[in-house]
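Have a look at start_6.pdb below; it lists PDB, C-alpha atoms.
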ATOM      1  CA  LEU A   1       3.404  -8.696   6.803  1.00  0.00           C
ATOM      2  CA  LEU A   2       3.020  -6.650   3.656  1.00  0.00           C
ATOM      3  CA  GLU A   3       6.183  -5.232   2.176  1.00  0.00           C
ATOM      4  CA  PRO A   4       7.061  -3.632  -1.161  1.00  0.00           C
ATOM      5  CA  ALA A   5       9.006  -6.133  -3.243  1.00  0.00           C
ATOM      6  CA  ALA A   6      12.170  -4.067  -3.610  1.00  0.00           C
ATOM      7  CA  ALA A   7      12.123  -2.408  -0.215  1.00  0.00           C
ATOM      8  CA  ALA A   8      15.327  -2.195   1.750  1.00  0.00           C
ATOM      9  CA  PRO A   9      15.133  -3.457   5.311  1.00  0.00           C
ATOM     10  CA  PRO A  10      13.669  -0.699   7.466  1.00  0.00           C
ATOM     11  CA  ALA A  11      15.922   0.994   9.981  1.00  0.00           C
ATOM     12  CA  ALA A  12      15.123   0.492  13.654  1.00  0.00           C
ATOM     13  CA  ARG A  13      12.128   2.673  14.483  1.00  0.00           C
ATOM     14  CA  PRO A  14       9.433   2.685  17.130  1.00  0.00           C
ATOM     15  CA  THR A  15       6.666   0.256  16.184  1.00  0.00           C
ATOM     16  CA  ASP A  16       4.063   3.026  15.960  1.00  0.00           C
ATOM     17  CA  GLU A  17       6.025   4.971  13.344  1.00  0.00           C
ATOM     18  CA  ALA A  18       5.902   3.888   9.718  1.00  0.00           C
ATOM     19  CA  PRO A  19       9.109   4.487   7.783  1.00  0.00           C
ATOM     20  CA  GLY A  20       8.917   6.713   4.760  1.00  0.00           C
ATOM     21  CA  PRO A  21      10.130  10.067   3.525  1.00  0.00           C
ATOM     22  CA  ALA A  22       9.588  12.665   6.214  1.00  0.00           C
ATOM     23  CA  ASP A  23       8.075  15.091   3.721  1.00  0.00           C
ATOM     24  CA  ALA A  24       5.869  12.495   1.974  1.00  0.00           C
ATOM     25  CA  PRO A  25       2.197  13.413   2.196  1.00  0.00           C
ATOM     26  CA  GLU A  26       0.105  10.864   4.037  1.00  0.00           C
ATOM     27  CA  PRO A  27      -1.666   8.361   1.792  1.00  0.00           C
ATOM     28  CA  ALA A  28      -5.093   9.579   0.718  1.00  0.00           C
ATOM     29  CA  SER A  29      -7.079   6.712   2.173  1.00  0.00           C
ATOM     30  CA  PRO A  30     -10.384   6.711   4.039  1.00  0.00           C
ATOM     31  CA  MET A  31      -9.233   3.462   5.642  1.00  0.00           C
ATOM     32  CA  VAL A  32      -6.893   3.092   8.607  1.00  0.00           C
ATOM     33  CA  LEU A  33      -3.558   1.738   7.383  1.00  0.00           C
ATOM     34  CA  SER A  34      -1.026  -0.277   9.330  1.00  0.00           C
ATOM     35  CA  PRO A  35       2.616   0.858   9.123  1.00  0.00           C
ATOM     36  CA  SER A  36       3.412  -1.839   6.547  1.00  0.00           C
ATOM     37  CA  GLN A  37       0.358  -0.906   4.440  1.00  0.00           C
ATOM     38  CA  ARG A  38       1.419   2.754   4.566  1.00  0.00           C
ATOM     39  CA  ARG A  39       4.911   1.759   3.372  1.00  0.00           C
ATOM     40  CA  VAL A  40       3.393  -0.101   0.418  1.00  0.00           C
ATOM     41  CA  VAL A  41       1.219   2.883  -0.579  1.00  0.00           C
ATOM     42  CA  LEU A  42       4.184   5.268  -0.370  1.00  0.00           C
ATOM     43  CA  SER A  43       6.338   2.803  -2.331  1.00  0.00           C
ATOM     44  CA  THR A  44       3.876   2.755  -5.222  1.00  0.00           C
ATOM     45  CA  ARG A  45       4.376   6.478  -5.692  1.00  0.00           C
ATOM     46  CA  GLU A  46       7.957   5.855  -6.867  1.00  0.00           C
ATOM     47  CA  ALA A  47       8.287   2.183  -7.850  1.00  0.00           C
ATOM     48  CA  ALA A  48       7.419   1.005 -11.361  1.00  0.00           C
ATOM     49  CA  ILE A  49       6.176  -2.298  -9.936  1.00  0.00           C
ATOM     50  CA  THR A  50       5.145  -3.208  -6.409  1.00  0.00           C
ATOM     51  CA  VAL A  51       4.248  -6.757  -5.408  1.00  0.00           C
ATOM     52  CA  VAL A  52       1.869  -7.186  -2.476  1.00  0.00           C
ATOM     53  CA  SER A  53       1.800 -10.679  -1.038  1.00  0.00           C
ATOM     54  CA  GLY A  54       0.742 -12.285   2.195  1.00  0.00           C
ATOM     55  CA  ALA A  55      -1.378 -14.899   3.859  1.00  0.00           C
ATOM     56  CA  PRO A  56      -5.179 -14.824   3.608  1.00  0.00           C
ATOM     57  CA  GLY A  57      -6.565 -12.098   5.832  1.00  0.00           C
ATOM     58  CA  SER A  58      -3.305 -10.130   6.005  1.00  0.00           C
ATOM     59  CA  GLY A  59      -4.764  -7.005   4.372  1.00  0.00           C
ATOM     60  CA  LYS A  60      -3.693  -7.325   0.728  1.00  0.00           C
ATOM     61  CA  THR A  61      -7.054  -6.190  -0.706  1.00  0.00           C
ATOM     62  CA  HIS A  62      -7.272  -3.369   1.853  1.00  0.00           C
ATOM     63  CA  THR A  63      -3.796  -2.252   0.787  1.00  0.00           C
ATOM     64  CA  LEU A  64      -4.591  -2.392  -2.933  1.00  0.00           C
ATOM     65  CA  CYS A  65      -7.734  -0.311  -2.366  1.00  0.00           C
ATOM     66  CA  ALA A  66      -5.648   2.252  -0.485  1.00  0.00           C
ATOM     67  CA  VAL A  67      -3.136   2.316  -3.357  1.00  0.00           C
ATOM     68  CA  ALA A  68      -5.944   2.928  -5.867  1.00  0.00           C
ATOM     69  CA  VAL A  69      -7.524   5.708  -3.774  1.00  0.00           C
ATOM     70  CA  ASP A  70      -4.139   7.368  -3.255  1.00  0.00           C
ATOM     71  CA  CYS A  71      -3.329   7.211  -6.972  1.00  0.00           C
ATOM     72  CA  VAL A  72      -6.662   8.750  -8.004  1.00  0.00           C
ATOM     73  CA  ALA A  73      -6.392  11.432  -5.296  1.00  0.00           C
ATOM     74  CA  ARG A  74      -3.043  12.454  -6.805  1.00  0.00           C
ATOM     75  CA  GLY A  75      -4.559  12.762 -10.309  1.00  0.00           C
ATOM     76  CA  GLY A  76      -3.690   9.297 -11.618  1.00  0.00           C
ATOM     77  CA  SER A  77      -5.884   6.572 -13.015  1.00  0.00           C
ATOM     78  CA  VAL A  78      -6.261   2.929 -12.043  1.00  0.00           C
ATOM     79  CA  LEU A  79      -7.214  -0.199 -13.949  1.00  0.00           C
ATOM     80  CA  VAL A  80      -7.962  -3.249 -11.821  1.00  0.00           C
ATOM     81  CA  ALA A  81      -8.107  -6.653 -13.520  1.00  0.00           C
ATOM     82  CA  THR A  82      -8.785 -10.087 -12.093  1.00  0.00           C
ATOM     83  CA  GLN A  83      -8.994 -13.645 -13.355  1.00  0.00           C
ATOM     84  CA  SER A  84     -12.287 -14.381 -11.676  1.00  0.00           C
ATOM     85  CA  ARG A  85     -15.495 -12.499 -11.112  1.00  0.00           C
ATOM     86  CA  HIS A  86     -15.459 -13.631  -7.476  1.00  0.00           C
ATOM     87  CA  ALA A  87     -12.224 -11.695  -6.863  1.00  0.00           C
ATOM     88  CA  ALA A  88     -13.784  -8.502  -8.251  1.00  0.00           C
ATOM     89  CA  ASP A  89     -16.921  -8.815  -6.109  1.00  0.00           C
TER      90      ASP A  89
END
Could you spell out this file's structure in structure tokens?
Amino acid sequence: LLEPAAAAPPAARPTDEAPGPADAPEPASPMVLSPSQRRVVLSTREAAITVVSGAPGSGKTHTLCAVAVDCVARGGSVLVATQSRHAAD
């Protein structure tokens, strides 16, 4: 499960509805996002720092790509850094 680090517990909602501001534009992502990935992308629009963590295969890289695409689509810029070349490939 991917969650923004400082997120408050979500209110009870149907499982097919991702919480977030009702008037928030959908994330600009060519990829399909799960509700928790959508929450992370929307969180990065307001939060100074967002930590994305999870088990291998949980969608962290997919989420970070969606965050980068959304940021650029809204006129921002992105710098991605990694400790190893393998991670960047």
- request: Run the PyMOL selection byres ((chain A and resi 67-77) around 8) on the file and write out the hits as number ranges by chain.
  value: A: 27-29, 40-41, 44-45, 63-66, 78-79
query: By how many Å are CA of Val32 (chain A) and CA of Ala55 (chain A) apart?
result: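 These atoms are spaced 19.4 Å apart.
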Separation of CA of Ser36 (chain A) from CA of Lys60 (chain A) in Å: 10.7 Å
- prompt: How far is it from CA of Met31 (chain A) to CA of His62 (chain A), in Å with one decimal?
  reply: 8.1 Å
